[in-house]
>>> print(open('run-v9.txt').read())   # compact mmCIF, C-alpha atoms and all ligand atoms
# COMPACT_ATOMS: atom_id res chain seq x y z
CA MET R 1 -11.79 2.06 6.08
CA ALA R 2 -12.41 -1.28 4.48
CA THR R 3 -12.21 -2.88 1.10
CA THR R 4 -14.96 -5.10 -0.12
CA PRO R 5 -15.28 -7.81 -2.74
CA PRO R 6 -17.90 -7.22 -5.41
CA THR R 7 -20.39 -9.85 -4.39
CA ARG R 8 -20.86 -8.47 -0.92
CA ARG R 9 -24.36 -7.09 -0.85
CA ALA R 10 -24.07 -4.06 1.30
CA THR R 11 -26.65 -4.17 4.03
CA TRP R 12 -26.17 -1.16 6.24
CA PHE R 13 -26.10 1.06 3.23
CA SER R 14 -27.16 0.38 -0.30
CA ARG R 15 -24.71 0.52 -3.17
CA HIS R 16 -27.38 2.01 -5.39
CA ARG R 17 -28.36 4.91 -3.18
CA GLY R 18 -26.25 7.98 -3.01
CA VAL R 19 -24.96 10.98 -4.87
CA PRO R 20 -22.11 10.72 -7.40
CA LEU R 21 -19.51 13.36 -6.50
CA PHE R 22 -16.67 13.09 -9.05
CA SER R 23 -14.26 10.64 -10.68
CA VAL R 24 -10.54 10.13 -10.12
CA LEU R 25 -8.46 7.77 -12.30
CA GLY R 26 -11.64 6.17 -13.60
CA ILE R 27 -12.89 5.54 -10.04
CA ARG R 28 -16.30 7.04 -9.31
CA ILE R 29 -16.63 8.64 -5.90
CA VAL R 30 -20.17 8.27 -4.59
CA ALA R 31 -21.54 9.63 -1.31
CA ASP R 32 -24.18 7.52 0.41
CA TYR R 33 -26.97 9.60 2.00
CA SER R 34 -25.77 8.55 5.46
CA TRP R 35 -22.46 10.26 4.72
CA PHE R 36 -24.05 13.73 4.56
CA LEU R 37 -25.46 13.06 8.02
CA ILE R 38 -22.05 12.37 9.52
CA VAL R 39 -20.46 15.35 7.70
CA ALA R 40 -23.15 17.66 9.09
CA LEU R 41 -22.79 16.11 12.55
CA ILE R 42 -19.00 16.59 12.67
CA ALA R 43 -19.21 20.14 11.26
CA ALA R 44 -21.88 21.00 13.86
CA THR R 45 -19.91 19.46 16.74
CA LEU R 46 -16.82 21.44 15.72
CA THR R 47 -18.73 24.71 15.19
CA LEU R 48 -20.96 24.57 18.27
CA GLY R 49 -18.80 22.60 20.71
CA TRP R 50 -15.13 22.14 20.08
CA PHE R 51 -13.96 25.49 18.69
CA PRO R 52 -16.01 27.67 21.14
CA THR R 53 -14.60 25.62 24.07
CA GLU R 54 -10.97 25.66 22.89
CA LEU R 55 -11.01 29.21 21.58
CA PRO R 56 -13.53 31.26 23.58
CA GLY R 57 -14.58 34.82 22.78
CA ARG R 58 -14.81 34.68 18.97
CA GLY R 59 -17.76 35.42 16.70
CA THR R 60 -20.25 32.82 15.47
CA PHE R 61 -19.12 33.32 11.88
CA GLN R 62 -15.51 32.47 12.72
CA TYR R 63 -16.58 29.26 14.53
CA LEU R 64 -18.74 28.30 11.56
CA LEU R 65 -15.91 28.94 9.10
CA LEU R 66 -13.40 26.96 11.17
CA GLY R 67 -15.89 24.13 11.75
CA VAL R 68 -16.81 23.73 8.09
CA ILE R 69 -13.22 23.97 6.80
CA THR R 70 -11.92 21.50 9.39
CA ALA R 71 -14.75 19.04 8.65
CA PHE R 72 -14.00 19.37 4.92
CA PHE R 73 -10.32 18.51 5.37
CA PHE R 74 -11.17 15.67 7.73
CA PHE R 75 -13.41 14.03 5.12
CA ALA R 76 -10.86 14.78 2.40
CA SER R 77 -8.36 12.84 4.57
CA VAL R 78 -10.75 9.85 4.75
CA LEU R 79 -11.17 9.98 0.96
CA VAL R 80 -7.41 10.18 0.32
CA HIS R 81 -6.94 7.15 2.61
CA GLU R 82 -9.54 5.22 0.62
CA LEU R 83 -8.15 6.38 -2.73
CA SER R 84 -4.67 5.18 -1.81
CA HIS R 85 -6.03 1.61 -1.34
CA SER R 86 -7.70 1.88 -4.74
CA VAL R 87 -4.67 3.31 -6.55
CA VAL R 88 -2.43 0.50 -5.27
CA ALA R 89 -5.13 -2.02 -6.25
CA VAL R 90 -5.35 -0.57 -9.77
CA LEU R 91 -1.53 -0.55 -10.08
CA SER R 92 -1.57 -4.23 -9.04
CA GLY R 93 -3.99 -5.00 -11.88
CA ILE R 94 -7.16 -5.12 -9.77
CA PRO R 95 -9.87 -2.85 -11.23
CA VAL R 96 -11.75 -0.54 -8.86
CA ARG R 97 -15.11 0.73 -10.02
CA ARG R 98 -16.13 3.09 -7.30
CA ILE R 99 -15.62 4.30 -3.75
CA THR R 100 -18.71 4.78 -1.62
CA LEU R 101 -18.44 7.19 1.28
CA PHE R 102 -20.87 6.35 4.06
CA LEU R 103 -21.53 6.71 7.77
CA PHE R 104 -18.44 4.80 8.96
CA GLY R 105 -15.96 6.06 6.39
CA GLY R 106 -15.45 4.74 2.92
CA VAL R 107 -15.66 1.46 1.06
CA ALA R 108 -13.70 0.85 -2.12
CA GLU R 109 -15.49 -1.50 -4.48
CA ILE R 110 -12.52 -3.54 -5.53
CA THR R 111 -13.91 -5.83 -8.21
CA LYS R 112 -11.56 -8.73 -7.55
CA GLU R 113 -9.99 -10.29 -4.48
CA PRO R 114 -6.19 -9.98 -4.45
CA SER R 115 -4.78 -13.19 -5.92
CA ASP R 116 -1.85 -13.53 -3.53
CA PRO R 117 -0.89 -12.47 0.03
CA ARG R 118 1.72 -9.97 -1.17
CA THR R 119 -0.84 -7.98 -3.20
CA GLU R 120 -3.31 -8.16 -0.31
CA LEU R 121 -0.67 -6.76 2.03
CA LYS R 122 0.26 -3.91 -0.35
CA VAL R 123 -3.37 -2.84 -0.89
CA ALA R 124 -4.14 -3.10 2.84
CA LEU R 125 -1.12 -1.07 3.96
CA ALA R 126 -1.58 1.76 1.44
CA GLY R 127 -4.40 3.36 3.48
CA PRO R 128 -2.70 3.41 6.90
CA ALA R 129 0.55 4.59 5.26
CA THR R 130 -1.34 7.53 3.75
CA SER R 131 -3.03 8.36 7.06
CA ALA R 132 0.37 8.26 8.77
CA ILE R 133 1.78 10.72 6.20
CA LEU R 134 -1.23 13.04 6.62
CA ALA R 135 -1.01 12.88 10.41
CA GLY R 136 2.73 13.63 10.24
CA LEU R 137 2.07 16.56 7.90
CA PHE R 138 -0.61 18.09 10.15
CA TRP R 139 1.46 17.56 13.33
CA SER R 140 4.43 19.28 11.65
CA ILE R 141 2.27 22.28 10.76
CA VAL R 142 1.01 22.49 14.36
CA VAL R 143 4.60 22.44 15.64
CA LEU R 144 5.87 24.92 13.00
CA MET R 145 3.14 27.38 13.95
CA GLY R 146 4.81 27.66 17.35
CA ASP R 147 2.80 28.87 20.31
CA GLY R 148 -0.13 29.78 18.07
CA THR R 149 -0.38 33.39 19.15
CA GLY R 150 -0.56 34.47 15.51
CA ARG R 151 -3.44 32.33 14.23
CA PRO R 152 -4.80 30.20 17.09
CA GLY R 153 -7.97 29.20 15.13
CA LEU R 154 -5.99 27.75 12.24
CA GLN R 155 -3.57 26.03 14.56
CA LEU R 156 -6.48 24.40 16.40
CA ALA R 157 -7.89 23.22 13.08
CA PHE R 158 -4.55 21.61 12.15
CA PHE R 159 -4.36 20.08 15.63
CA TYR R 160 -7.79 18.52 15.15
CA LEU R 161 -6.80 17.15 11.72
CA ALA R 162 -3.54 15.73 13.08
CA PHE R 163 -5.40 14.08 15.93
CA ALA R 164 -8.20 12.73 13.71
CA ASN R 165 -5.76 11.23 11.18
CA THR R 166 -3.79 9.60 14.00
CA ALA R 167 -7.02 8.12 15.39
CA LEU R 168 -7.98 6.92 11.90
CA LEU R 169 -4.54 5.30 11.55
CA ILE R 170 -4.71 3.49 14.90
CA PHE R 171 -8.31 2.33 14.48
CA ASN R 172 -7.68 0.99 10.98
CA LEU R 173 -4.64 -0.93 12.14
CA LEU R 174 -6.66 -2.98 14.67
CA PRO R 175 -5.98 -6.53 13.46
CA GLY R 176 -9.47 -7.77 12.55
CA LEU R 177 -11.57 -7.83 9.37
CA PRO R 178 -12.92 -5.66 7.80
CA LEU R 179 -10.28 -3.19 9.04
CA ASP R 180 -6.98 -2.71 7.22
CA GLY R 181 -5.15 -4.40 10.10
CA GLY R 182 -7.42 -7.41 9.57
CA ARG R 183 -6.38 -7.54 5.92
CA VAL R 184 -2.75 -7.42 7.02
CA LEU R 185 -3.38 -10.27 9.47
CA ARG R 186 -5.14 -12.24 6.74
CA ALA R 187 -2.22 -11.73 4.34
CA ILE R 188 0.26 -12.96 6.97
CA VAL R 189 -1.77 -16.08 7.87
CA TRP R 190 -2.45 -16.66 4.17
CA ALA R 191 1.29 -16.54 3.37
CA ALA R 192 2.08 -18.85 6.29
CA THR R 193 -0.65 -21.45 5.69
CA LYS R 194 -1.19 -21.04 1.90
CA ASN R 195 -4.88 -21.33 2.79
CA ILE R 196 -7.05 -18.28 2.15
CA ARG R 197 -10.10 -19.81 3.85
CA ARG R 198 -8.25 -20.41 7.10
CA ALA R 199 -6.61 -16.97 6.90
CA THR R 200 -9.99 -15.31 6.39
CA TYR R 201 -11.46 -17.32 9.27
CA VAL R 202 -8.71 -16.19 11.66
CA ALA R 203 -8.94 -12.52 10.59
CA SER R 204 -12.73 -12.60 10.75
CA MET R 205 -12.74 -14.09 14.29
CA ALA R 206 -10.25 -11.39 15.32
CA GLY R 207 -12.64 -8.81 13.84
CA LYS R 208 -15.50 -10.20 15.93
CA ALA R 209 -13.32 -10.11 19.06
CA ILE R 210 -12.52 -6.44 18.40
CA ALA R 211 -16.23 -5.75 17.90
CA GLY R 212 -16.93 -7.46 21.25
CA LEU R 213 -14.34 -5.29 23.00
CA LEU R 214 -15.89 -2.15 21.49
CA VAL R 215 -19.32 -3.18 22.79
CA ILE R 216 -17.87 -3.62 26.29
CA LEU R 217 -16.14 -0.22 26.08
CA GLY R 218 -19.38 1.35 24.89
CA LEU R 219 -21.40 -0.21 27.72
CA VAL R 220 -18.81 0.89 30.29
CA ALA R 221 -18.99 4.46 28.95
CA ILE R 222 -22.78 4.47 29.17
CA LEU R 223 -23.21 2.68 32.54
CA SER R 224 -20.44 4.60 34.31
CA GLY R 225 -22.37 7.78 33.56
CA GLY R 226 -19.68 8.91 31.14
CA ASN R 227 -20.27 10.00 27.57
CA VAL R 228 -23.51 8.29 26.50
CA ILE R 229 -23.30 9.45 22.87
CA ALA R 230 -19.74 8.13 22.52
CA GLY R 231 -20.82 4.85 24.15
CA LEU R 232 -23.71 4.37 21.74
CA TRP R 233 -21.43 5.27 18.87
CA PHE R 234 -18.93 2.55 19.91
CA ILE R 235 -21.72 -0.05 20.01
CA PHE R 236 -23.04 1.09 16.65
CA ILE R 237 -19.59 0.76 15.03
CA ALA R 238 -19.07 -2.61 16.73
CA LEU R 239 -22.29 -4.01 15.24
CA PHE R 240 -21.20 -2.86 11.81
CA LEU R 241 -17.73 -4.42 12.20
CA ARG R 242 -19.16 -7.70 13.44
CA HIS R 243 -21.49 -7.95 10.48
CA ALA R 244 -18.73 -7.11 7.98
CA ALA R 245 -16.36 -9.64 9.58
CA ASP R 246 -19.02 -12.34 9.18
CA THR R 247 -19.65 -11.37 5.58
CA SER R 248 -15.96 -11.55 4.63
CA TYR R 249 -15.75 -15.15 5.78
CA ARG R 250 -19.06 -16.17 4.21
CA GLN R 251 -17.76 -14.69 0.95
CA VAL R 252 -14.76 -16.99 0.90
CA LEU R 253 -16.96 -20.01 1.71
CA ILE R 254 -19.28 -19.16 -1.17
CA LYS R 255 -16.33 -18.71 -3.50
CA GLU R 256 -15.00 -22.13 -2.48
CA ALA R 257 -18.39 -23.79 -2.85
CA LEU R 258 -18.70 -22.32 -6.31
CA GLY R 259 -15.16 -23.17 -7.34
CA ALA R 260 -16.18 -26.15 -9.50
CA VAL R 261 -19.37 -24.63 -10.89
CA ARG R 262 -19.23 -23.34 -14.48
CA VAL R 263 -21.30 -20.79 -16.29
CA MET R 264 -22.95 -23.62 -18.29
CA ASP R 265 -24.36 -25.05 -15.02
CA VAL R 266 -26.36 -21.95 -14.16
CA MET R 267 -27.13 -20.34 -17.54
CA SER R 268 -30.53 -20.37 -19.25
CA PRO R 269 -30.08 -21.79 -22.75
CA ASP R 270 -33.37 -20.42 -24.11
CA VAL R 271 -32.76 -16.78 -24.79
CA VAL R 272 -35.16 -14.28 -26.28
CA THR R 273 -33.00 -12.36 -28.76
CA VAL R 274 -33.59 -9.19 -30.73
CA PRO R 275 -32.62 -8.50 -34.38
CA PRO R 276 -30.44 -5.39 -34.84
CA SER R 277 -32.63 -3.84 -37.56
CA ILE R 278 -35.89 -3.22 -35.64
CA SER R 279 -36.67 0.20 -34.16
CA LEU R 280 -36.64 1.05 -30.49
CA ALA R 281 -40.41 1.68 -30.66
CA GLU R 282 -40.92 -1.89 -31.87
CA LEU R 283 -38.46 -3.20 -29.29
CA VAL R 284 -40.44 -1.58 -26.48
CA ASP R 285 -43.85 -2.76 -27.77
CA VAL R 286 -42.93 -6.28 -28.83
CA TYR R 287 -40.17 -7.20 -26.41
CA PHE R 288 -40.04 -5.11 -23.21
CA LEU R 289 -43.80 -4.98 -22.71
CA HIS R 290 -44.37 -8.56 -23.87
CA HIS R 291 -41.52 -10.65 -22.42
CA HIS R 292 -40.85 -8.53 -19.33
CA PHE R 293 -37.05 -8.96 -19.47
CA ILE R 294 -35.07 -5.75 -19.03
CA CYS R 295 -32.16 -6.71 -21.27
CA TYR R 296 -31.85 -8.70 -24.54
CA PRO R 297 -28.90 -9.97 -26.58
CA VAL R 298 -28.90 -8.50 -30.08
CA VAL R 299 -28.28 -11.25 -32.66
CA ASP R 300 -27.91 -10.95 -36.42
CA GLY R 301 -28.82 -14.41 -37.79
CA THR R 302 -26.70 -16.46 -35.39
CA ARG R 303 -24.02 -13.80 -34.81
CA PRO R 304 -24.28 -11.97 -31.44
CA LEU R 305 -23.55 -8.23 -31.76
CA GLY R 306 -24.43 -6.63 -28.44
CA VAL R 307 -27.01 -6.24 -25.71
CA ILE R 308 -29.87 -3.77 -25.47
CA SER R 309 -31.33 -2.83 -22.11
CA ILE R 310 -33.95 -0.43 -20.82
CA ARG R 311 -31.06 1.78 -19.77
CA ASP R 312 -29.83 2.03 -23.41
CA VAL R 313 -33.34 2.85 -24.64
CA LYS R 314 -33.83 5.56 -22.03
CA HIS R 315 -30.72 7.34 -23.33
CA VAL R 316 -32.60 8.03 -26.58
CA PRO R 317 -35.39 10.68 -26.48
CA ARG R 318 -38.81 9.05 -26.80
CA GLU R 319 -39.75 10.93 -30.01
CA ARG R 320 -36.74 9.37 -31.76
CA TRP R 321 -37.65 5.77 -30.88
CA PRO R 322 -39.48 5.07 -34.19
CA GLU R 323 -36.46 6.01 -36.35
CA THR R 324 -33.61 4.71 -34.10
CA SER R 325 -32.58 1.10 -34.67
CA VAL R 326 -31.56 -1.34 -31.96
CA ALA R 327 -28.10 -1.52 -33.59
CA ASP R 328 -27.64 2.24 -33.03
CA ALA R 329 -28.61 2.17 -29.35
CA MET R 330 -27.19 -1.16 -28.16
CA THR R 331 -24.07 -1.74 -26.07
CA ARG R 332 -21.51 -3.60 -28.19
CA LEU R 333 -20.12 -6.87 -26.90
CA SER R 334 -16.65 -6.96 -25.35
CA PRO R 335 -14.77 -9.65 -23.43
CA ASP R 336 -15.69 -7.74 -20.24
CA THR R 337 -19.43 -8.05 -20.89
CA THR R 338 -19.65 -11.62 -22.25
CA LEU R 339 -19.08 -15.01 -20.67
CA ARG R 340 -17.84 -18.34 -21.97
CA SER R 341 -19.76 -21.43 -20.92
CA ASP R 342 -16.63 -23.00 -19.36
CA GLU R 343 -15.87 -19.93 -17.23
CA GLY R 344 -16.12 -20.20 -13.41
CA ILE R 345 -18.86 -18.47 -11.43
CA PRO R 346 -16.52 -16.21 -9.42
CA ALA R 347 -15.17 -14.82 -12.72
CA ALA R 348 -18.75 -14.27 -13.95
CA MET R 349 -19.61 -12.43 -10.72
CA GLU R 350 -16.52 -10.27 -11.08
CA LYS R 351 -17.55 -9.31 -14.63
CA MET R 352 -21.07 -8.45 -13.46
CA ALA R 353 -19.68 -6.29 -10.67
CA ALA R 354 -17.15 -4.54 -12.91
CA SER R 355 -19.61 -3.84 -15.74
CA GLY R 356 -22.61 -3.08 -13.55
CA LEU R 357 -24.71 -5.41 -15.75
CA GLY R 358 -26.99 -7.97 -14.09
CA ARG R 359 -27.43 -10.14 -17.22
CA LEU R 360 -24.54 -11.29 -19.38
CA PRO R 361 -24.75 -13.28 -22.65
CA VAL R 362 -22.82 -16.55 -22.88
CA ILE R 363 -20.92 -16.89 -26.17
CA ASP R 364 -18.94 -19.90 -27.38
CA GLY R 365 -16.93 -19.21 -30.52
CA ASP R 366 -19.25 -16.77 -32.29
CA ARG R 367 -22.52 -18.32 -31.23
CA LEU R 368 -24.86 -17.22 -28.45
CA VAL R 369 -25.51 -20.27 -26.25
CA GLY R 370 -27.30 -18.78 -23.25
CA ILE R 371 -27.64 -15.99 -20.73
CA VAL R 372 -26.72 -15.74 -17.04
CA THR R 373 -28.42 -13.37 -14.62
CA ARG R 374 -27.34 -12.34 -11.16
CA ARG R 375 -30.50 -14.02 -9.91
CA ASP R 376 -29.51 -17.36 -11.55
CA ILE R 377 -26.24 -17.26 -9.61
CA MET R 378 -27.88 -16.24 -6.33
CA ASN R 379 -30.44 -19.04 -6.65
CA HIS R 380 -27.66 -21.52 -7.29
CA ILE R 381 -25.76 -20.36 -4.20
CA GLN R 382 -28.98 -20.58 -2.16
CA ILE R 383 -29.65 -24.15 -3.27
CA ARG R 384 -26.07 -25.24 -2.58
CA THR R 385 -25.96 -23.71 0.90
CA ASP R 386 -29.41 -25.18 1.70
CA LEU R 387 -28.28 -28.67 0.66
CA ARG R 388 -25.13 -28.37 2.79
CA ARG R 389 -27.14 -27.76 5.98
ZN ZN M 1 -8.23 1.59 4.93
>>> encode(input="run-v9.txt", output="structure tokens", more="lines below")
Ligand SMILES: [Zn+2]
Amino acid sequence: MATTPPTRRATWFSRHRGVPLFSVLGIRIVADYSWFLIVALIAATLTLGWFPTELPGRGTFQYLLLGVITAFFFFASVLVHELSHSVVAVLSGIPVRRITLFLFGGVAEITKEPSDPRTELKVALAGPATSAILAGLFWSIVVLMGDGTGRPGLQLAFFYLAFANTALLIFNLLPGLPLDGGRVLRAIVWAATKNIRRATYVASMAGKAIAGLLVILGLVAILSGGNVIAGLWFIFIALFLRHAADTSYRQVLIKEALGAVRVMDVMSPDVVTVPPSISLAELVDVYFLHHHFICYPVVDGTRPLGVISIRDVKHVPRERWPETSVADAMTRLSPDTTLRSDEGIPAAMEKMAASGLGRLPVIDGDRLVGIVTRRDIMNHIQIRTDLRR
């Protein structure tokens, strides 16, 4: 449904909860717990309500089979929509780390904002284009199956999928953030004004207006004695959209406020470092349990070699800690996991998001000069926004 920049702290669902499903093209597909709820709900609605109403007189097992298969292909359609955004992003040089499926669809964790309106437009349109192709495909099958006398159950399933993909297409094209249509609107205003802040503001206000309309529709449905569940659902989705629209704009403001801030302004210069030769047992006793940091740069003399975190240590069985050295277990340094002191904060945040590391060493030339944590950056943002008020 929507794409999200890395720094957005998900609020309605957590990025850290969930079940990893599989990987495609280096993109991890993760299902948030809320997603299983909606899958079960749709499968149950199809099995107990829709199929028995549309196709009366069949056995329970047939309804269950049709319900589960149709729900599966519906969620596969949502995933393919989301993947198409990600594939176009990757082809445009924007890394995508993972896609999280959750209650309202899917969110691709695109680790960088598109750098120009054209890229934004391409990434935004990929999803609706895919949904349009899927809808077209399913409608064609429905038509080709003729009057459905042969296999009415299957034809109904295809009809549902055609309808659902069309609905997905139309909803996503509504022109407000965080929907794809909102991204399209933002790209157009961005191209016209050359101002991403203004473009985001316009698209985010449009998103809030759409959320407002959905609330009204939901209330009308409930108060007119119509479908109460559908009404509540509209209001629920509207609240989510409103929040996401707000967040998108705040993100751009933060990025602007941080534009002039460098890594050297937020880093801690006093770093507790670890020599590569000590054992993991010693590392745990002397460093983890003493200093209470969860991650240390590994430095040989003055030369930084890597970082060692609790995560690295846990990969080694406990009985091998005494004979395994820090050098054997550490993560080696790469340009993706180190910062330069003159680098900007948005770039640092992008590296943290892409690597999944919350603490990155700062290296100038071949010397370790400090360390930056996600908390350092958040505190800095907090102070800046407080001072602005
Ligand atoms: Zn989309």
>>> closest_atom_pairs(input="run-v9.txt", of="chain R", to="ligand ZN 1 (chain M)", cutoff="10 Å", atoms="all atoms listed in the file", output="JSON lines")
{"residue": "R:Met1", "atom": "CA", "partner": "M:ZN1", "partner_atom": "ZN", "distance": 3.8}
{"residue": "R:Ala2", "atom": "CA", "partner": "M:ZN1", "partner_atom": "ZN", "distance": 5.1}
{"residue": "R:Thr3", "atom": "CA", "partner": "M:ZN1", "partner_atom": "ZN", "distance": 7.1}
{"residue": "R:Val78", "atom": "CA", "partner": "M:ZN1", "partner_atom": "ZN", "distance": 8.6}
{"residue": "R:Leu79", "atom": "CA", "partner": "M:ZN1", "partner_atom": "ZN", "distance": 9.7}
{"residue": "R:Val80", "atom": "CA", "partner": "M:ZN1", "partner_atom": "ZN", "distance": 9.8}
{"residue": "R:His81", "atom": "CA", "partner": "M:ZN1", "partner_atom": "ZN", "distance": 6.2}
{"residue": "R:Glu82", "atom": "CA", "partner": "M:ZN1", "partner_atom": "ZN", "distance": 5.8}
{"residue": "R:Leu83", "atom": "CA", "partner": "M:ZN1", "partner_atom": "ZN", "distance": 9.0}
{"residue": "R:Ser84", "atom": "CA", "partner": "M:ZN1", "partner_atom": "ZN", "distance": 8.4}
{"residue": "R:His85", "atom": "CA", "partner": "M:ZN1", "partner_atom": "ZN", "distance": 6.6}
{"residue": "R:Ser86", "atom": "CA", "partner": "M:ZN1", "partner_atom": "ZN", "distance": 9.7}
{"residue": "R:Gly105", "atom": "CA", "partner": "M:ZN1", "partner_atom": "ZN", "distance": 9.0}
{"residue": "R:Gly106", "atom": "CA", "partner": "M:ZN1", "partner_atom": "ZN", "distance": 8.1}
{"residue": "R:Val107", "atom": "CA", "partner": "M:ZN1", "partner_atom": "ZN", "distance": 8.4}
{"residue": "R:Ala108", "atom": "CA", "partner": "M:ZN1", "partner_atom": "ZN", "distance": 9.0}
{"residue": "R:Val123", "atom": "CA", "partner": "M:ZN1", "partner_atom": "ZN", "distance": 8.8}
{"residue": "R:Ala124", "atom": "CA", "partner": "M:ZN1", "partner_atom": "ZN", "distance": 6.6}
{"residue": "R:Leu125", "atom": "CA", "partner": "M:ZN1", "partner_atom": "ZN", "distance": 7.7}
{"residue": "R:Ala126", "atom": "CA", "partner": "M:ZN1", "partner_atom": "ZN", "distance": 7.5}
{"residue": "R:Gly127", "atom": "CA", "partner": "M:ZN1", "partner_atom": "ZN", "distance": 4.5}
{"residue": "R:Pro128", "atom": "CA", "partner": "M:ZN1", "partner_atom": "ZN", "distance": 6.1}
{"residue": "R:Ala129", "atom": "CA", "partner": "M:ZN1", "partner_atom": "ZN", "distance": 9.3}
{"residue": "R:Thr130", "atom": "CA", "partner": "M:ZN1", "partner_atom": "ZN", "distance": 9.2}
{"residue": "R:Ser131", "atom": "CA", "partner": "M:ZN1", "partner_atom": "ZN", "distance": 8.8}
{"residue": "R:Leu168", "atom": "CA", "partner": "M:ZN1", "partner_atom": "ZN", "distance": 8.8}
{"residue": "R:Leu169", "atom": "CA", "partner": "M:ZN1", "partner_atom": "ZN", "distance": 8.4}
{"residue": "R:Phe171", "atom": "CA", "partner": "M:ZN1", "partner_atom": "ZN", "distance": 9.6}
{"residue": "R:Asn172", "atom": "CA", "partner": "M:ZN1", "partner_atom": "ZN", "distance": 6.1}
{"residue": "R:Leu173", "atom": "CA", "partner": "M:ZN1", "partner_atom": "ZN", "distance": 8.4}
{"residue": "R:Pro178", "atom": "CA", "partner": "M:ZN1", "partner_atom": "ZN", "distance": 9.1}
{"residue": "R:Leu179", "atom": "CA", "partner": "M:ZN1", "partner_atom": "ZN", "distance": 6.6}
{"residue": "R:Asp180", "atom": "CA", "partner": "M:ZN1", "partner_atom": "ZN", "distance": 5.0}
{"residue": "R:Gly181", "atom": "CA", "partner": "M:ZN1", "partner_atom": "ZN", "distance": 8.5}
{"residue": "R:Arg183", "atom": "CA", "partner": "M:ZN1", "partner_atom": "ZN", "distance": 9.4}
>>> write_last_selection(input="run-v9.txt", atoms="C-alpha atoms", output="PDB file, in the frame of the given file")
ATOM      1  CA  MET R   1     -11.790   2.060   6.080  1.00  0.00           C
ATOM      2  CA  ALA R   2     -12.410  -1.280   4.480  1.00  0.00           C
ATOM      3  CA  THR R   3     -12.210  -2.880   1.100  1.00  0.00           C
ATOM      4  CA  VAL R  78     -10.750   9.850   4.750  1.00  0.00           C
ATOM      5  CA  LEU R  79     -11.170   9.980   0.960  1.00  0.00           C
ATOM      6  CA  VAL R  80      -7.410  10.180   0.320  1.00  0.00           C
ATOM      7  CA  HIS R  81      -6.940   7.150   2.610  1.00  0.00           C
ATOM      8  CA  GLU R  82      -9.540   5.220   0.620  1.00  0.00           C
ATOM      9  CA  LEU R  83      -8.150   6.380  -2.730  1.00  0.00           C
ATOM     10  CA  SER R  84      -4.670   5.180  -1.810  1.00  0.00           C
ATOM     11  CA  HIS R  85      -6.030   1.610  -1.340  1.00  0.00           C
ATOM     12  CA  SER R  86      -7.700   1.880  -4.740  1.00  0.00           C
ATOM     13  CA  GLY R 105     -15.960   6.060   6.390  1.00  0.00           C
ATOM     14  CA  GLY R 106     -15.450   4.740   2.920  1.00  0.00           C
ATOM     15  CA  VAL R 107     -15.660   1.460   1.060  1.00  0.00           C
ATOM     16  CA  ALA R 108     -13.700   0.850  -2.120  1.00  0.00           C
ATOM     17  CA  VAL R 123      -3.370  -2.840  -0.890  1.00  0.00           C
ATOM     18  CA  ALA R 124      -4.140  -3.100   2.840  1.00  0.00           C
ATOM     19  CA  LEU R 125      -1.120  -1.070   3.960  1.00  0.00           C
ATOM     20  CA  ALA R 126      -1.580   1.760   1.440  1.00  0.00           C
ATOM     21  CA  GLY R 127      -4.400   3.360   3.480  1.00  0.00           C
ATOM     22  CA  PRO R 128      -2.700   3.410   6.900  1.00  0.00           C
ATOM     23  CA  ALA R 129       0.550   4.590   5.260  1.00  0.00           C
ATOM     24  CA  THR R 130      -1.340   7.530   3.750  1.00  0.00           C
ATOM     25  CA  SER R 131      -3.030   8.360   7.060  1.00  0.00           C
ATOM     26  CA  LEU R 168      -7.980   6.920  11.900  1.00  0.00           C
ATOM     27  CA  LEU R 169      -4.540   5.300  11.550  1.00  0.00           C
ATOM     28  CA  PHE R 171      -8.310   2.330  14.480  1.00  0.00           C
ATOM     29  CA  ASN R 172      -7.680   0.990  10.980  1.00  0.00           C
ATOM     30  CA  LEU R 173      -4.640  -0.930  12.140  1.00  0.00           C
ATOM     31  CA  PRO R 178     -12.920  -5.660   7.800  1.00  0.00           C
ATOM     32  CA  LEU R 179     -10.280  -3.190   9.040  1.00  0.00           C
ATOM     33  CA  ASP R 180      -6.980  -2.710   7.220  1.00  0.00           C
ATOM     34  CA  GLY R 181      -5.150  -4.400  10.100  1.00  0.00           C
ATOM     35  CA  ARG R 183      -6.380  -7.540   5.920  1.00  0.00           C
TER      36      ARG R 183
END
>>> closest_residue(input="run-v9.txt", among="R:Gln62, R:Ser204, R:Asn227, R:Ser279", to="Arg242 (chain R)", atoms="all atoms listed in the file")
R:Ser204
>>> atom_distance(input="run-v9.txt", atom1="CA of Ala43 (chain R)", atom2="CA of Leu174 (chain R)")
26.5 Å
>>> residues_around(input="run-v9.txt", residues="Val298 (chain R)", least_positions_apart="3", cutoff="8 Å", atoms="all atoms listed in the file", output="list in words")
Thr273, Val274, Pro275, Pro276, Pro304, Leu305, Gly306, Val307, Ile308, Val326, Ala327 and Met330 of chain R
>>> atom_distance(input="run-v9.txt", atom1="CA of Ala199 (chain R)", atom2="CA of Tyr249 (chain R)")
9.4 Å
>>> closest_atom_pairs(input="run-v9.txt", of="region 90-204 of chain R", to="region 28-32 of chain R", cutoff="7 Å", atoms="all atoms listed in the file", output="CSV")
residue,atom,partner,partner_atom,distance
R:Arg97,CA,R:Arg28,CA,6.5
R:Arg98,CA,R:Arg28,CA,4.4
R:Ile99,CA,R:Ile29,CA,4.9
R:Thr100,CA,R:Val30,CA,4.8
R:Leu101,CA,R:Ala31,CA,4.7
R:Phe102,CA,R:Asp32,CA,5.1
>>> write_last_selection(input="run-v9.txt", atoms="C-alpha atoms", output="CSV table (one decimal), in the frame of the given file")
chain,number,residue,atom,x,y,z
R,97,ARG,CA,-15.1,0.7,-10.0
R,98,ARG,CA,-16.1,3.1,-7.3
R,99,ILE,CA,-15.6,4.3,-3.8
R,100,THR,CA,-18.7,4.8,-1.6
R,101,LEU,CA,-18.4,7.2,1.3
R,102,PHE,CA,-20.9,6.4,4.1
